[in-house]
Amino acid sequence: MYKRLFSALAVAVLVAGACSSSTPVKKIVVAEWQFPDTVNIYYAQAETDVEIGTSMFLNLVDVTPDLRTVPTLVTSVPTLANGGVKMNGAGMDVTWSLKTGMQWSDGSPINCDDLKGTWNWIMDKANTGLAGGIIGWGDITGITGGTGTTCVMSFGKVYEGYLYLVAPLLPAKYISSISAADAPTKLYPLSNLKSGVYDGPYMPTDLATDSQITTVSNPKWSTISGKAPAVDQVIWKYYANAATMLQGYKAGEYDVAQDLNDADIPSLAGIDQNQQVIHDSLTYELHSFNNKALQTKFGADYKTIVAAIKLATDRQAIADGPLGGNVTVSNNFVSPLTWYYKNEGGSTAADPVAATKLLTDAGWVKGSDGILAKGSVKLELQYCTSPRQVRQDTLKLVASQLNAIGIKADVISSPDIFVAWNDTKADTKCNLQHGNFDVAEFAYVAPLDPLASYNVYTTQGIPDNAPHNGQNVSRISLPTLDTAYNNVKSSVDPAVVKAAMASVEDIYVSALNTFELPLYNRKDVWLVQPRIHNFTGNPTTTAGEWNIGDWTAD
């Protein structure tokens, strides 16, 4: 997802202390092909939201490109081994030692009250549309430390995902000044981003809808990192699509191209390979089956229909065709890069004959138009995706594969597919959060922390009921999957967690999976002009921005 002009130089001059009129402005222009709907990562539904949010907010800990967990706002990463995590009856206490002397962009101190304030804000019943819901936060029984920097977060239950829970920390004073009910529209509003309070290396000053967001260096970031950002301005330039963004790079319109992937590799011809940063990604492309919508349409047959679609979808043809052979088909949603990955094996080949038999045995018969029907119900599906051309090309191929066995797939490209619950109408066509689709193609990031996918696959993550939190857009409600994830959730022993995740992965590759078909593991692609230094990229959702404060420019 996704979604007034102002002089860039004027921004740098008007922001207090940015630079004098005689000093050249050090500026980096970053490009994206989707305008963000929010910079508040707790509401983020798309990578573009997370990218710009990461430049403005900091987590307690971060993950490096080689997937190590490192402290950011804290002095060390708390674990059982170092005493930062202690068992306390059925629960546990986690001690977060914040760095001393840190300040928010408004000059106020960063302390334990901010940690407690972030918890209270997330748990406020009036707060709606949280992407991650309240998973983990709801297990916290208290946070002590007040205005100090030694914060003890007490959990009533053991919670495996504690390390990455606070991502990011929010300023208690600012977030408490706006009611939780108004937070989706009035907290860090796109219409007035400079009214917000930040701790990241850059903070926003101006926005031109669908076109540009201007950010300038945060002078208080030095209280956290020990240094000032090396660049005065980072301007985010937004294009209508990836193709025009690539043309802009070739024309020298900006410095860093974001959110490209394996599908764009053929379009990089003529660009110096030294300017291409290509990594294996934690991201995978998928088809999500809306169990609620399909059951409403087809009754008990929806499970058979999903099974037949999965058999008839030729994923290798997708990899070899629209993806140009640059990806690897997988049966697992977990990336081989993660520490808990289980190689489930199994065939990745299509079997349209078996798919046809499933549907025939269930009583589906082809009509004169070649489309299967049962009584008055035709087997016609709404396949939704984003405007990304490779996805449209993929779904056209899939539609032809399904048509061969009598299933009609109507391919719809929608700019509203990723828009958050609070930002779109309930009947918006193809919107994932509101569930207005049959099948959708998009991508997820296989998390480094296994519990980060809890709200994607468990019943608690279904966004239909107030307060409309979570990302379980397939509306899957599978007790065995809930149980497996709860086993992951209830241990901080890596061996136990890995075994529990193996059970989750076993379910994913079994016939119980009526919710998702993984297509292929993706690659992340960035383009970086030679004048930019210290860009490395990251396979997690923090992408290239994980170290944006360290970027320099000639």
# chains A, B, ... in the order shown; residues from 1 in each chain; ligands from 1
$ select_by_dssp --residues "region 192-280 of chain A" --states "alpha helix (DSSP H)" --output "VMD selection string"
chain A and resid 222 to 225 242 to 250
$ write_last_selection --atoms "N, CA and C atoms" --output "short mmCIF file (atom, residue, chain, number, x, y, z; two decimals), in the first residue's frame"
data_model
loop_
_atom_site.label_atom_id
_atom_site.label_comp_id
_atom_site.auth_asym_id
_atom_site.auth_seq_id
_atom_site.Cartn_x
_atom_site.Cartn_y
_atom_site.Cartn_z
N SER A 222 21.41 12.08 18.11
CA SER A 222 22.78 11.96 18.63
C SER A 222 22.80 11.55 20.09
N THR A 223 21.72 11.83 20.84
CA THR A 223 21.67 11.41 22.25
C THR A 223 21.49 9.90 22.36
N ILE A 224 21.11 9.27 21.26
CA ILE A 224 20.90 7.82 21.23
C ILE A 224 22.08 7.11 20.59
N SER A 225 22.53 7.65 19.46
CA SER A 225 23.57 6.98 18.67
C SER A 225 24.97 7.50 18.95
N ALA A 242 6.40 0.58 -10.26
CA ALA A 242 7.82 0.22 -10.23
C ALA A 242 8.51 0.51 -11.56
N ALA A 243 7.78 0.36 -12.67
CA ALA A 243 8.39 0.58 -13.98
C ALA A 243 8.83 2.03 -14.15
N THR A 244 7.96 2.97 -13.79
CA THR A 244 8.34 4.38 -13.92
C THR A 244 9.41 4.75 -12.90
N MET A 245 9.39 4.08 -11.75
CA MET A 245 10.44 4.33 -10.77
C MET A 245 11.80 3.91 -11.32
N LEU A 246 11.85 2.78 -12.01
CA LEU A 246 13.10 2.32 -12.63
C LEU A 246 13.57 3.29 -13.71
N GLN A 247 12.65 3.80 -14.48
CA GLN A 247 13.00 4.80 -15.48
C GLN A 247 13.60 6.03 -14.82
N GLY A 248 13.02 6.41 -13.68
CA GLY A 248 13.53 7.56 -12.95
C GLY A 248 14.95 7.36 -12.46
N TYR A 249 15.27 6.12 -12.05
CA TYR A 249 16.64 5.85 -11.61
C TYR A 249 17.61 6.00 -12.77
N LYS A 250 17.24 5.44 -13.89
CA LYS A 250 18.12 5.51 -15.06
C LYS A 250 18.31 6.97 -15.52
#
$ closest_atom_pairs --of "region 417-485 of chain A" --to "region 273-281 of chain A" --cutoff "12 Å" --atoms "only C-alpha atoms" --output "JSON lines"
{"residue": "A:Ala443", "atom": "CA", "partner": "A:Ser281", "partner_atom": "CA", "distance": 11.3}
{"residue": "A:Tyr444", "atom": "CA", "partner": "A:Ser281", "partner_atom": "CA", "distance": 10.7}
{"residue": "A:Val445", "atom": "CA", "partner": "A:Ser281", "partner_atom": "CA", "distance": 8.2}
{"residue": "A:Ala446", "atom": "CA", "partner": "A:Ser281", "partner_atom": "CA", "distance": 8.9}
{"residue": "A:Pro447", "atom": "CA", "partner": "A:Ser281", "partner_atom": "CA", "distance": 10.7}
{"residue": "A:Leu448", "atom": "CA", "partner": "A:Ser281", "partner_atom": "CA", "distance": 11.3}
$ residues_around --residues "Leu395 (chain A)" --least-positions-apart "4" --cutoff "7 Å" --atoms "only C-alpha atoms" --output "VMD selection string"
chain A and resid 391 399 411
$ write_last_selection --atoms "N, CA, C and O atoms" --output "mmCIF file, in the first residue's frame"
data_model
loop_
_atom_site.group_PDB
_atom_site.id
_atom_site.type_symbol
_atom_site.label_atom_id
_atom_site.label_comp_id
_atom_site.auth_asym_id
_atom_site.auth_seq_id
_atom_site.Cartn_x
_atom_site.Cartn_y
_atom_site.Cartn_z
ATOM 1 N N ARG A 391 2.501 -9.223 -10.707
ATOM 2 C CA ARG A 391 1.395 -9.936 -10.071
ATOM 3 C C ARG A 391 0.219 -10.076 -11.029
ATOM 4 O O ARG A 391 -0.451 -11.119 -11.059
ATOM 5 N N ALA A 399 -5.030 -17.790 -14.108
ATOM 6 C CA ALA A 399 -6.404 -17.849 -14.629
ATOM 7 C C ALA A 399 -6.502 -18.819 -15.800
ATOM 8 O O ALA A 399 -7.479 -19.575 -15.922
ATOM 9 N N VAL A 411 -9.474 -11.686 -12.629
ATOM 10 C CA VAL A 411 -8.302 -10.996 -12.083
ATOM 11 C C VAL A 411 -8.614 -9.519 -11.905
ATOM 12 O O VAL A 411 -9.033 -8.839 -12.846
#
$ closest_residue --among "A:Ala317, A:Leu372, A:Ala355, A:Cys430" --to "Tyr520 (chain A)" --atoms "only C-alpha atoms"
A:Ala317
$ atom_distance --atom1 "CA of Ala46 (chain A)" --atom2 "CA of Gln34 (chain A)"
9.0 Å
$ closest_residue --among "A:Val74, A:Leu359, A:Leu58, A:Val329" --to "Ala307 (chain A)" --atoms "only C-alpha atoms"
A:Leu359
$ select_by_dssp --residues "region 21-247 of chain A" --states "strand (DSSP E or B)" --output "tab-separated table (two decimals) with C-alpha atoms, in the first residue's frame"
chain	number	residue	atom	x	y	z
A	27	LYS	CA	20.53	15.43	0.59
A	28	ILE	CA	19.51	11.89	-0.37
A	29	VAL	CA	16.46	11.17	-2.48
A	30	VAL	CA	14.85	7.76	-1.91
A	31	ALA	CA	12.24	6.37	-4.28
A	32	GLU	CA	9.24	4.07	-3.71
A	61	VAL	CA	16.50	-3.98	19.60
A	62	ASP	CA	17.16	-4.43	15.90
A	63	VAL	CA	18.14	-7.22	13.53
A	69	THR	CA	19.78	-9.27	17.30
A	70	VAL	CA	21.53	-6.14	18.56
A	71	PRO	CA	20.59	-3.43	21.11
A	74	VAL	CA	18.99	-0.52	25.30
A	85	VAL	CA	15.00	-12.63	31.60
A	86	LYS	CA	13.95	-14.35	34.81
A	87	MET	CA	11.20	-16.86	35.33
A	88	ASN	CA	8.61	-15.74	37.87
A	91	GLY	CA	5.34	-15.85	34.07
A	92	MET	CA	8.59	-13.99	33.58
A	93	ASP	CA	10.25	-10.64	34.15
A	94	VAL	CA	12.26	-8.93	31.41
A	95	THR	CA	14.65	-6.13	32.36
A	96	TRP	CA	15.19	-3.52	29.67
A	97	SER	CA	18.14	-1.26	30.47
A	98	LEU	CA	17.62	1.87	28.41
A	103	GLN	CA	15.90	12.30	24.14
A	109	PRO	CA	13.79	12.27	28.03
A	140	ILE	CA	2.03	-8.02	30.40
A	141	THR	CA	0.94	-7.43	33.99
A	142	GLY	CA	3.02	-4.35	34.69
A	143	ILE	CA	6.01	-2.21	33.73
A	144	THR	CA	8.06	-0.48	36.41
A	150	THR	CA	15.92	0.35	34.27
A	151	CYS	CA	12.55	-0.98	33.19
A	152	VAL	CA	11.10	-4.29	34.35
A	153	MET	CA	8.40	-5.69	32.07
A	154	SER	CA	6.45	-8.40	33.90
A	155	PHE	CA	4.51	-11.06	32.02
A	202	TYR	CA	15.03	11.62	10.49
A	203	MET	CA	11.77	13.46	11.13
A	204	PRO	CA	9.20	14.72	8.64
A	205	THR	CA	8.57	18.34	7.76
A	206	ASP	CA	6.31	18.28	4.73
A	207	LEU	CA	4.21	15.99	2.57
A	208	ALA	CA	2.80	16.17	-0.93
A	212	GLN	CA	6.84	13.32	-1.82
A	213	ILE	CA	7.63	13.33	1.88
A	214	THR	CA	10.47	15.54	3.09
A	215	THR	CA	12.40	14.56	6.22
A	216	VAL	CA	15.31	16.29	7.93
A	217	SER	CA	17.90	15.09	10.40
A	233	GLN	CA	17.65	15.72	4.31
A	234	VAL	CA	16.14	12.48	3.09
A	235	ILE	CA	13.43	13.13	0.55
A	236	TRP	CA	11.04	10.28	-0.24
A	237	LYS	CA	9.90	10.46	-3.85
A	238	TYR	CA	6.92	8.34	-4.86
$ residues_around --residues "Gln433 (chain A)" --least-positions-apart "5" --cutoff "7 Å" --atoms "only C-alpha atoms" --output "list of chain:residue names"
A:Ala420, A:Trp421, A:Pro463, A:Val473
$ write_last_selection --atoms "N, CA, C and O atoms" --output "PDB file, in the first residue's frame"
ATOM      1  N   ALA A 420      -5.365  -0.108   5.376  1.00  0.00           N
ATOM      2  CA  ALA A 420      -5.710  -0.552   6.721  1.00  0.00           C
ATOM      3  C   ALA A 420      -7.210  -0.428   6.996  1.00  0.00           C
ATOM      4  O   ALA A 420      -7.929   0.315   6.319  1.00  0.00           O
ATOM      5  N   TRP A 421      -7.662  -1.130   8.008  1.00  0.00           N
ATOM      6  CA  TRP A 421      -9.079  -1.193   8.364  1.00  0.00           C
ATOM      7  C   TRP A 421      -9.673   0.208   8.534  1.00  0.00           C
ATOM      8  O   TRP A 421     -10.749   0.508   8.040  1.00  0.00           O
ATOM      9  N   PRO A 463      -9.428  -9.977  11.733  1.00  0.00           N
ATOM     10  CA  PRO A 463      -9.726  -8.566  11.992  1.00  0.00           C
ATOM     11  C   PRO A 463     -11.202  -8.186  11.971  1.00  0.00           C
ATOM     12  O   PRO A 463     -11.533  -7.010  12.163  1.00  0.00           O
ATOM     13  N   VAL A 473      -6.032 -12.366   7.276  1.00  0.00           N
ATOM     14  CA  VAL A 473      -6.971 -11.992   6.221  1.00  0.00           C
ATOM     15  C   VAL A 473      -7.603 -13.207   5.554  1.00  0.00           C
ATOM     16  O   VAL A 473      -8.632 -13.087   4.886  1.00  0.00           O
TER      17      VAL A 473
END
$ closest_residue --among "A:Thr304, A:Ser491, A:Ser267, A:Thr514" --to "Leu358 (chain A)" --atoms "only C-alpha atoms"
A:Thr304
$ closest_residue --among "A:Ala126, A:Ala263, A:Ile41, A:Ile135" --to "Val525 (chain A)" --atoms "only C-alpha atoms"
A:Ala263
$ atom_distance --atom1 "CA of Lys498 (chain A)" --atom2 "CA of Thr79 (chain A)"
16.8 Å
$ atom_distance --atom1 "CA of Leu397 (chain A)" --atom2 "CA of Ser288 (chain A)"
16.7 Å
$ residues_around --residues "Trp221 (chain A)" --least-positions-apart "5" --cutoff "8 Å" --atoms "only C-alpha atoms" --output "ChimeraX atom specification"
/A:103-105,199-201,226-229
$ write_last_selection --atoms "all heavy atoms" --output "PDB file, in the first residue's frame"
ATOM      1  N   GLN A 103      16.973  11.320  24.234  1.00  0.00           N
ATOM      2  CA  GLN A 103      15.895  12.302  24.142  1.00  0.00           C
ATOM      3  C   GLN A 103      15.050  12.088  22.888  1.00  0.00           C
ATOM      4  O   GLN A 103      15.552  11.677  21.841  1.00  0.00           O
ATOM      5  CB  GLN A 103      16.464  13.728  24.103  1.00  0.00           C
ATOM      6  CG  GLN A 103      17.187  14.149  25.355  1.00  0.00           C
ATOM      7  CD  GLN A 103      17.744  15.557  25.236  1.00  0.00           C
ATOM      8  OE1 GLN A 103      17.325  16.342  24.384  1.00  0.00           O
ATOM      9  NE2 GLN A 103      18.698  15.882  26.104  1.00  0.00           N
ATOM     10  N   TRP A 104      13.761  12.408  23.029  1.00  0.00           N
ATOM     11  CA  TRP A 104      12.865  12.475  21.881  1.00  0.00           C
ATOM     12  C   TRP A 104      13.161  13.742  21.090  1.00  0.00           C
ATOM     13  O   TRP A 104      13.875  14.628  21.563  1.00  0.00           O
ATOM     14  CB  TRP A 104      11.409  12.462  22.339  1.00  0.00           C
ATOM     15  CG  TRP A 104      10.987  11.179  22.984  1.00  0.00           C
ATOM     16  CD1 TRP A 104      10.856  10.931  24.316  1.00  0.00           C
ATOM     17  CD2 TRP A 104      10.649   9.949  22.326  1.00  0.00           C
ATOM     18  NE1 TRP A 104      10.462   9.638  24.539  1.00  0.00           N
ATOM     19  CE2 TRP A 104      10.325   9.007  23.332  1.00  0.00           C
ATOM     20  CE3 TRP A 104      10.586   9.554  20.985  1.00  0.00           C
ATOM     21  CZ2 TRP A 104       9.942   7.700  23.039  1.00  0.00           C
ATOM     22  CZ3 TRP A 104      10.210   8.251  20.697  1.00  0.00           C
ATOM     23  CH2 TRP A 104       9.888   7.341  21.700  1.00  0.00           C
ATOM     24  N   SER A 105      12.589  13.861  19.918  1.00  0.00           N
ATOM     25  CA  SER A 105      12.857  15.021  19.058  1.00  0.00           C
ATOM     26  C   SER A 105      12.420  16.337  19.694  1.00  0.00           C
ATOM     27  O   SER A 105      12.931  17.402  19.335  1.00  0.00           O
ATOM     28  CB  SER A 105      12.172  14.850  17.698  1.00  0.00           C
ATOM     29  OG  SER A 105      10.764  14.686  17.856  1.00  0.00           O
ATOM     30  N   ASP A 199      12.087   9.581  17.493  1.00  0.00           N
ATOM     31  CA  ASP A 199      13.424   9.304  18.028  1.00  0.00           C
ATOM     32  C   ASP A 199      14.361   8.745  16.964  1.00  0.00           C
ATOM     33  O   ASP A 199      15.535   8.497  17.236  1.00  0.00           O
ATOM     34  CB  ASP A 199      13.360   8.347  19.221  1.00  0.00           C
ATOM     35  CG  ASP A 199      12.771   6.989  18.884  1.00  0.00           C
ATOM     36  OD1 ASP A 199      12.214   6.828  17.779  1.00  0.00           O
ATOM     37  OD2 ASP A 199      12.848   6.072  19.728  1.00  0.00           O
ATOM     38  N   GLY A 200      13.873   8.547  15.744  1.00  0.00           N
ATOM     39  CA  GLY A 200      14.712   8.042  14.666  1.00  0.00           C
ATOM     40  C   GLY A 200      15.640   9.102  14.118  1.00  0.00           C
ATOM     41  O   GLY A 200      15.572  10.285  14.505  1.00  0.00           O
ATOM     42  N   PRO A 201      16.517   8.748  13.190  1.00  0.00           N
ATOM     43  CA  PRO A 201      17.493   9.710  12.664  1.00  0.00           C
ATOM     44  C   PRO A 201      16.867  10.827  11.843  1.00  0.00           C
ATOM     45  O   PRO A 201      17.461  11.897  11.689  1.00  0.00           O
ATOM     46  CB  PRO A 201      18.423   8.849  11.814  1.00  0.00           C
ATOM     47  CG  PRO A 201      17.632   7.626  11.489  1.00  0.00           C
ATOM     48  CD  PRO A 201      16.746   7.391  12.660  1.00  0.00           C
ATOM     49  N   GLY A 226      25.048   8.677  19.591  1.00  0.00           N
ATOM     50  CA  GLY A 226      26.356   9.276  19.846  1.00  0.00           C
ATOM     51  C   GLY A 226      26.891  10.078  18.677  1.00  0.00           C
ATOM     52  O   GLY A 226      28.024  10.558  18.714  1.00  0.00           O
ATOM     53  N   LYS A 227      26.082  10.239  17.644  1.00  0.00           N
ATOM     54  CA  LYS A 227      26.500  11.004  16.469  1.00  0.00           C
ATOM     55  C   LYS A 227      25.274  11.558  15.770  1.00  0.00           C
ATOM     56  O   LYS A 227      24.152  11.078  15.973  1.00  0.00           O
ATOM     57  CB  LYS A 227      27.295  10.128  15.499  1.00  0.00           C
ATOM     58  CG  LYS A 227      26.506   8.914  15.000  1.00  0.00           C
ATOM     59  CD  LYS A 227      27.360   7.997  14.147  1.00  0.00           C
ATOM     60  CE  LYS A 227      26.552   6.760  13.736  1.00  0.00           C
ATOM     61  NZ  LYS A 227      27.350   5.798  12.955  1.00  0.00           N
ATOM     62  N   ALA A 228      25.484  12.577  14.958  1.00  0.00           N
ATOM     63  CA  ALA A 228      24.385  13.146  14.191  1.00  0.00           C
ATOM     64  C   ALA A 228      24.251  12.398  12.867  1.00  0.00           C
ATOM     65  O   ALA A 228      25.231  11.823  12.373  1.00  0.00           O
ATOM     66  CB  ALA A 228      24.648  14.626  13.924  1.00  0.00           C
ATOM     67  N   PRO A 229      23.056  12.379  12.269  1.00  0.00           N
ATOM     68  CA  PRO A 229      22.945  11.802  10.924  1.00  0.00           C
ATOM     69  C   PRO A 229      23.887  12.527   9.967  1.00  0.00           C
ATOM     70  O   PRO A 229      24.096  13.738  10.084  1.00  0.00           O
ATOM     71  CB  PRO A 229      21.475  12.059  10.551  1.00  0.00           C
ATOM     72  CG  PRO A 229      20.770  12.191  11.855  1.00  0.00           C
ATOM     73  CD  PRO A 229      21.752  12.853  12.771  1.00  0.00           C
TER      74      PRO A 229
END
$ closest_residue --among "A:Pro352, A:Ser55, A:Ser490, A:Pro219" --to "Gly156 (chain A)" --atoms "only C-alpha atoms"
A:Ser490
$ residues_around --residues "Gly53 (chain A)" --least-positions-apart "5" --cutoff "10 Å" --atoms "only C-alpha atoms" --output "ChimeraX atom specification"
/A:36,38-42,44,47-48,58,168,198,200,202-203,542,545
$ write_last_selection --atoms "C-alpha atoms" --output "mmCIF file, in the first residue's frame"
data_model
loop_
_atom_site.group_PDB
_atom_site.id
_atom_site.type_symbol
_atom_site.label_atom_id
_atom_site.label_comp_id
_atom_site.auth_asym_id
_atom_site.auth_seq_id
_atom_site.Cartn_x
_atom_site.Cartn_y
_atom_site.Cartn_z
ATOM 1 C CA PRO A 36 2.358 5.156 2.555
ATOM 2 C CA THR A 38 0.779 5.693 7.770
ATOM 3 C CA VAL A 39 4.210 6.163 9.343
ATOM 4 C CA ASN A 40 3.042 4.570 12.616
ATOM 5 C CA ILE A 41 4.364 1.037 12.263
ATOM 6 C CA TYR A 42 1.761 -0.364 14.661
ATOM 7 C CA ALA A 44 1.323 -0.516 8.996
ATOM 8 C CA GLU A 47 6.304 -2.468 3.295
ATOM 9 C CA THR A 48 6.227 1.158 2.188
ATOM 10 C CA LEU A 58 13.497 3.153 16.831
ATOM 11 C CA PRO A 168 8.926 0.749 17.933
ATOM 12 C CA TYR A 198 10.203 11.012 16.943
ATOM 13 C CA GLY A 200 14.712 8.042 14.666
ATOM 14 C CA TYR A 202 15.030 11.623 10.487
ATOM 15 C CA MET A 203 11.770 13.457 11.127
ATOM 16 C CA THR A 542 13.218 -2.894 8.122
ATOM 17 C CA GLU A 545 16.324 1.709 6.335
#
$ closest_residue --among "A:Leu163, A:Gln258, A:Gln382, A:Asp393" --to "Pro78 (chain A)" --atoms "only C-alpha atoms"
A:Leu163
